[in-house]
Amino acid sequence: MSQEKIKQIEKEGMASLQAVQTIADLELWEIKYLGRKSELNDILKGLKGLTPEEKKIIGPLGNTVKQSLFRAFGETKEILLEKSIDWEAERIDVTAPGVPSLRGHLHPVTQVEHEIEDIFSEMGFVIADGPEIETEHYNFDVLNIPADHPARDMQDTFWIASSGEEEKYLPRTQTSPMQVRYMETHTPPLHVIVPGRVFRNESTDASHEHTFHQFECLMVGDDISVANFKWMAETFFSRFFGKKIDIRLRPSFFPFTEPSFEFDISCTLCDAKGCAVCKQSGWLELGGAGMVNQKVFESAGYLRGKYQGFAWGFGATRLAMMKYKITDIRLFMSGDLRFIRQF
Amino acid sequence: MKYSYNKLVELSKTKKTVEELSKLFLTRAFEVEGVEPFKHHLENVVIGSVLEVELHPNADKLKITRVDTGDMVRQIVCGAPNVDKGQKVAVALPGAKLPGNIEIKETEIRGEVSQGMICSERELGFGEGHTGILVLPDDAPIGTSFAEYSGLSDSILDLKILPDRGADALSYRGLAREIGALEGRNLSFENEPLGEYPENPIGIDIASEKCSRYAGFLFENVQQRTSPLPLQSFLLRNDVRSISAPVDITNFFLLEYGQPMHAFDADRIEGKIIVRQARAGESLQLLSGDAISLDVEDLVIADEKKVLALAGVMGGMSSAITEKTTRVFLEIALFDAVSIRRTSVRHHLSTDASYRYERGLDAHTLSDTFALSLKLFGEYCGATVAGFTDVYPSPLQPKTIVFPYGLPEKMLGVPVEKNFIQSCLEAFGCEVKAEKESFVVTVPTRRIDLEDEWNLVEEIGRTFGYENISITAPKFELSLPEENQAKRFERKMKEYLSSAGFDEIMTYSFYGASDAEKYSLDLNNHLTLINPLSPELSLLRPSVLLTALIKAKDNFRYFDSFQYFEYGSAYVRDKKTFVNEEKQLALVVTDAKNDNPFAFLKGKVVSLLDFAHQKNVSFEAVAQKESIWHPSRSAHILSNGKVIGTIGEISPRVLTKFGVKRRIVCALFPAKDLASSFASVVEAQPLPKFPYAVRDISLTFPRNVTVGEVEQLLRETGAPLLKHFELFDVYEQGEEKSLAFHLSFGADDRTLSSEEMDSVFDRIVALANEQFEARLKL
């Protein structure tokens, strides 16, 4: 009897569901066929009064019917919902502009500095920084650049007016003063980089700036060699430019290194084939380097001949110019947001 | 420095082309800044032989010549008085474009055809001789290009000689030795010994330790002739004007030996030559015509009555060689590098002589010039020697360096054979003696740059070729690099700010007094540059905001609204440490659509401080009349009661002076204050188990009551059940203002009853009334 009753409910339910046209009618249908007080629910609740044989038949049948009614209900609900929305009325113009949301731009030198710092950090280098206003002692004397030496001509220096102090102060002409400052408080092996702002007393034009950013790398140990420097430079620049870069060393002179080199990298534009940027030479001049002069080690309090290592420096500003193809160096310090917002 | 390729080949005997030589220098010695053919403008000038000379039928001073130029015999009209049959001459053919842009064409002069021009020295671009044509030696080959013949067909290498190589490489001989050494040959030049001569009748007295050697010839019967063609050609290729043989000879030694010399008119020397320090109050009229006041630190050449020359820098007018000079005192001396440099800097005088002296010179190269200078004065000027004195109190000893065999290999990181080391150093002119573990190397005195074993490593390295050193990864123990917290914080801040919509700018560390005055800042508190590029860049900024803010004005030309920051150093004069340098963060905001940009920036700052882990942030109005900040729109920013920065509009008094009419709001933080809590770690709180209930309250206050005071009342009175509050409306009318807040009530252990909330709410209303005469707005 119940068996038939259940089949009857299913048949009726399915039929009346076909006639439902609105969400409101569907809610009424749901109460009648699937609600807590529905006929089907009453039958399932009454199961415990039946014989085991009856339970075996009525239980599964009731549940199957309940599930199929529920499934049909879900499908109908979806269809009705779909019908109830006027999609054309909903339409928006997706090509109209979005609500403006400000995005700031980091200065290109900052971006390049961060990249450089990341590469060296991965190799275990310490990032150090020192004062921008230096003493003559750290900027020149301890770097084996004595007063009245023509080597001082290599770096046109601004000097700060003093009021009778014995020490003379200057906006540092290089990041190298940090070499001795760092070595005074650390013992090799050491590997450290120093990014920072430096100052040269020279007139500005598209390729000269009195204020720019430099980068210094110092690596000292028992047997750090020129061959090691070549590896370090090649590895760094290959990573920075994202392709294989060759290094060329040329003899040079810096009072704080011996031997000293200028170093060139293979032209990043033409891959050393020769182009306008590298003046057909295949090489780009990038910076200075050398094996730390033993006199500098002595200034830092190390024994002469006990350690050896290299120091090298180059312009972070210059790298930013190369990377972003910036042709006027004066833009960096211009504060012009039309420039900054490009990066 | 520019060097003639022909001369380098002549001295070094190298077989290299100019390109090969240039590459050798670039990779092994000195930077090559350029290689160019020498521009002589003597194309189509050939050597001719004068076959016949006749008078011009229509002109008194002109002659008609027939000249064999190899290809043909030409008729040339010539005005020179000295032209004669049988002479070898330089002929400019039609088509030639001589120095000074003189074009030669076939032409008719007074009815006679002229197929070229016979040239004088001046027309050929060297010398001053123009009274007649240049007559060449009889063996000059007819038809040959004159440029080839005179050596002017040459290439010029522009080399950047390194500052430590002044003693040897600022000369042709030194560079030729360098080429030889790099090609593995030890090039030595034979110098004739000087014969015996009587003491120079003009005595020499060295009265300063700044002069280590002073030699002087006295020449008589000196004739002021023009120099022979090869010397003129050599000087021309070195950009040196030929003046007269005596002067040209001194320039020849400067170029070829790197040894400056000075020729005095001996008749103008009174008594003996004295090398001494200048005395206070002395002055000197230089060869250039300028008169200078001498400093007691200047080294001078004097006689017994007066100062004659600024030693090692420039001669004086009173003893200069003139066309009438017949007796010449020739100075060949060595002066102290530092002293010469100081004098050169002090008087803003840089000469070819001072440039070399201040880099240091070699006492032995000096004496290499003796015999040849005597010979050249004889040959070129017909001079006879009346005496020679060489004062050299303490002769220089060559240095020896102990050079361990293994050092080059250890420094370069590549195997270097002992034999290579030895032959390399010998090629540079060193004497090399092998001992048990090291070489003992005796360095020639001209290489003053070779002071220690590492200098020798450089000579080995560059000769070996840096491109031959294979790259090798360094080996070192893994260690955790020391953390640079300030740098890390700076990076975090920059990245945060850019995400929050701020652009980053960088500005100069310098600004000008006129800007400082616009900010009403005391110039005496600034650090100043002695030698600024311009007055606008003469002061060091005591605050990053000062230079960052100025950039707003430029940007107004292109933008109505912007927000940017600079994170940089500021420098304040400090009594104890001279300079107090600190990193600062400056924020600059302007918004055309918003007349209260303060609130906009304050919102950004509160988020920034939250990111920097600053707790209990509050704002207190500041009212400094003399400040750059707006007196009624600025505030100190506090964290836990301590001031960590300032926020506010810039005072319109300041902005007007910069010509800015918009409102600009800024914030400034010393980085170390901003970073003070960054290392602290957030402690997580459990989420509330019981829901909070929200009620609104709206209170009307007298106008002068601040939101800060009301919030403090809410905090104190509402605790502990009032969990949060949020101002959502402000309405001002007359002398009153209404503030409306959302209040969130809750407890950690239960859901609050409405009676509990009512009691807190009522207490707030009562206290607000008591403290501020506030009333509940219904």
# chains A, B, ... in the order shown; residues from 1 in each chain; ligands from 1
>>> closest_atom_pairs(of="chain B", to="chain A", cutoff="7 Å", atoms="only C-alpha atoms", output="CSV")
residue,atom,partner,partner_atom,distance
B:Leu26,CA,A:Arg250,CA,6.7
B:Thr27,CA,A:Arg250,CA,5.2
B:Arg28,CA,A:Pro251,CA,6.1
B:Ala29,CA,A:Pro251,CA,5.6
B:Phe30,CA,A:Pro251,CA,6.6
B:Leu162,CA,A:Phe253,CA,6.1
B:Pro163,CA,A:Ala151,CA,6.4
B:Val338,CA,A:Asp148,CA,5.7
B:Arg341,CA,A:Asp148,CA,6.5
B:Arg342,CA,A:Asp148,CA,6.6
B:Arg359,CA,A:Pro150,CA,6.7
B:Lys410,CA,A:Asp223,CA,6.5
B:Met411,CA,A:Ser225,CA,4.9
B:Leu412,CA,A:Val226,CA,4.7
B:Gly413,CA,A:Ser225,CA,5.0
B:Trp454,CA,A:Glu258,CA,6.1
B:Asn455,CA,A:Glu258,CA,6.3
B:Val457,CA,A:Pro259,CA,6.9
B:Glu458,CA,A:Pro259,CA,4.6
B:Arg462,CA,A:Pro251,CA,6.5
B:Tyr466,CA,A:Leu249,CA,6.0
B:Glu467,CA,A:Arg248,CA,6.7
B:Ile469,CA,A:Ala227,CA,6.0
B:Ser470,CA,A:Ala227,CA,6.1
B:Ile471,CA,A:Ala227,CA,4.8
B:Thr472,CA,A:Asn228,CA,5.0
B:Ala473,CA,A:Asn228,CA,5.4
B:Pro474,CA,A:Asn228,CA,5.1
B:Ser479,CA,A:Gly124,CA,7.0
B:Leu480,CA,A:Gly124,CA,6.6
B:Pro481,CA,A:Val126,CA,5.1
B:Glu482,CA,A:Val126,CA,5.9
B:Asn484,CA,A:Ile127,CA,6.4
B:Ser498,CA,A:Gly104,CA,4.0
B:Ser499,CA,A:Gly104,CA,5.8
B:Ala500,CA,A:Gly104,CA,6.6
B:Gly501,CA,A:Gly104,CA,3.9
B:Phe502,CA,A:Gly104,CA,4.3
B:Asp503,CA,A:Gly104,CA,4.4
B:Glu504,CA,A:Leu106,CA,5.0
B:Ile505,CA,A:Gly335,CA,5.2
B:Met506,CA,A:Met333,CA,5.2
B:Thr507,CA,A:Met333,CA,4.9
B:Tyr508,CA,A:Met333,CA,6.5
B:Leu527,CA,A:Ile160,CA,6.8
B:Thr528,CA,A:Ala161,CA,5.7
B:Leu529,CA,A:Ile160,CA,4.4
B:Ile530,CA,A:Ala161,CA,5.2
B:Asn531,CA,A:Phe158,CA,5.9
B:Pro532,CA,A:Phe158,CA,6.7
B:Leu533,CA,A:Asn201,CA,6.8
B:Lys551,CA,A:Gly335,CA,5.8
B:Asn555,CA,A:Asp336,CA,6.4
>>> atom_distance(atom1="CA of Ser759 (chain B)", atom2="CA of Leu776 (chain B)")
14.8 Å
>>> select_by_dssp(residues="region 70-158 of chain A", states="helix (DSSP H, G or I)", output="ChimeraX atom specification")
/A:70-84,87-90,108-122,136-139,141-143,150-154
>>> closest_residue(among="B:Ser288, B:Ser318, B:Ser120, B:Ser293", to="Arg268 (chain B)", atoms="only C-alpha atoms")
B:Ser318
>>> closest_residue(among="B:Glu517, B:Glu192, B:Glu36, B:Glu178", to="Lys13 (chain B)", atoms="only C-alpha atoms")
B:Glu178
>>> residues_around(residues="Lys39 (chain B)", least_positions_apart="5", cutoff="10 Å", atoms="only C-alpha atoms", output="count of residues only")
7
>>> select_by_dssp(residues="region 26-134 of chain A", states="strand (DSSP E or B)", output="PDB file with all heavy atoms, in the first residue's frame")
ATOM      1  N   VAL A 126      77.161  40.387   1.848  1.00  0.00           N
ATOM      2  CA  VAL A 126      76.578  41.338   2.787  1.00  0.00           C
ATOM      3  C   VAL A 126      76.298  42.636   2.030  1.00  0.00           C
ATOM      4  O   VAL A 126      77.091  43.036   1.184  1.00  0.00           O
ATOM      5  CB  VAL A 126      77.574  41.616   3.941  1.00  0.00           C
ATOM      6  CG1 VAL A 126      77.082  42.751   4.833  1.00  0.00           C
ATOM      7  CG2 VAL A 126      77.814  40.353   4.735  1.00  0.00           C
ATOM      8  N   ILE A 127      75.169  43.284   2.324  1.00  0.00           N
ATOM      9  CA  ILE A 127      74.895  44.607   1.747  1.00  0.00           C
ATOM     10  C   ILE A 127      75.229  45.637   2.818  1.00  0.00           C
ATOM     11  O   ILE A 127      74.614  45.652   3.882  1.00  0.00           O
ATOM     12  CB  ILE A 127      73.422  44.751   1.345  1.00  0.00           C
ATOM     13  CG1 ILE A 127      73.056  43.654   0.342  1.00  0.00           C
ATOM     14  CG2 ILE A 127      73.160  46.128   0.756  1.00  0.00           C
ATOM     15  CD1 ILE A 127      71.572  43.545   0.069  1.00  0.00           C
ATOM     16  N   ILE A 133      78.460  61.778   3.385  1.00  0.00           N
ATOM     17  CA  ILE A 133      79.441  62.816   3.694  1.00  0.00           C
ATOM     18  C   ILE A 133      80.616  62.110   4.363  1.00  0.00           C
ATOM     19  O   ILE A 133      80.469  61.544   5.439  1.00  0.00           O
ATOM     20  CB  ILE A 133      78.854  63.892   4.630  1.00  0.00           C
ATOM     21  CG1 ILE A 133      77.584  64.475   4.044  1.00  0.00           C
ATOM     22  CG2 ILE A 133      79.899  64.983   4.899  1.00  0.00           C
ATOM     23  CD1 ILE A 133      77.728  65.077   2.671  1.00  0.00           C
ATOM     24  N   GLU A 134      81.742  62.121   3.656  1.00  0.00           N
ATOM     25  CA  GLU A 134      82.900  61.358   4.115  1.00  0.00           C
ATOM     26  C   GLU A 134      83.999  62.290   4.586  1.00  0.00           C
ATOM     27  O   GLU A 134      83.992  63.485   4.317  1.00  0.00           O
ATOM     28  CB  GLU A 134      83.442  60.495   2.964  1.00  0.00           C
ATOM     29  CG  GLU A 134      82.978  59.049   3.006  1.00  0.00           C
ATOM     30  CD  GLU A 134      83.404  58.304   4.266  1.00  0.00           C
ATOM     31  OE1 GLU A 134      84.109  58.878   5.114  1.00  0.00           O
ATOM     32  OE2 GLU A 134      83.024  57.124   4.407  1.00  0.00           O
TER      33      GLU A 134
END
>>> closest_residue(among="A:Thr22, A:Thr135, A:Thr327, A:Thr175", to="Lys77 (chain A)", atoms="only C-alpha atoms")
A:Thr22
>>> residues_around(residues="Ala24 (chain A)", least_positions_apart="3", cutoff="12 Å", atoms="only C-alpha atoms", output="list in words")
Val20, Gln21, Glu27, Leu28, Trp29, Glu30, Ile31, Lys77, Leu80, Leu81 and Ser84 of chain A
>>> closest_residue(among="B:Thr131, B:Ser676, B:Asn200, B:Ser4", to="Gly387 (chain B)", atoms="only C-alpha atoms")
B:Asn200
>>> closest_residue(among="B:Ser283, B:Ile448, B:Ala263, B:Gln277", to="Gly315 (chain B)", atoms="only C-alpha atoms")
B:Ala263
>>> closest_residue(among="A:Asp264, A:Glu4, A:Glu184, A:Glu88", to="Leu284 (chain A)", atoms="only C-alpha atoms")
A:Asp264
>>> atom_distance(atom1="CA of Lys273 (chain A)", atom2="CA of Phe314 (chain A)")
23.4 Å
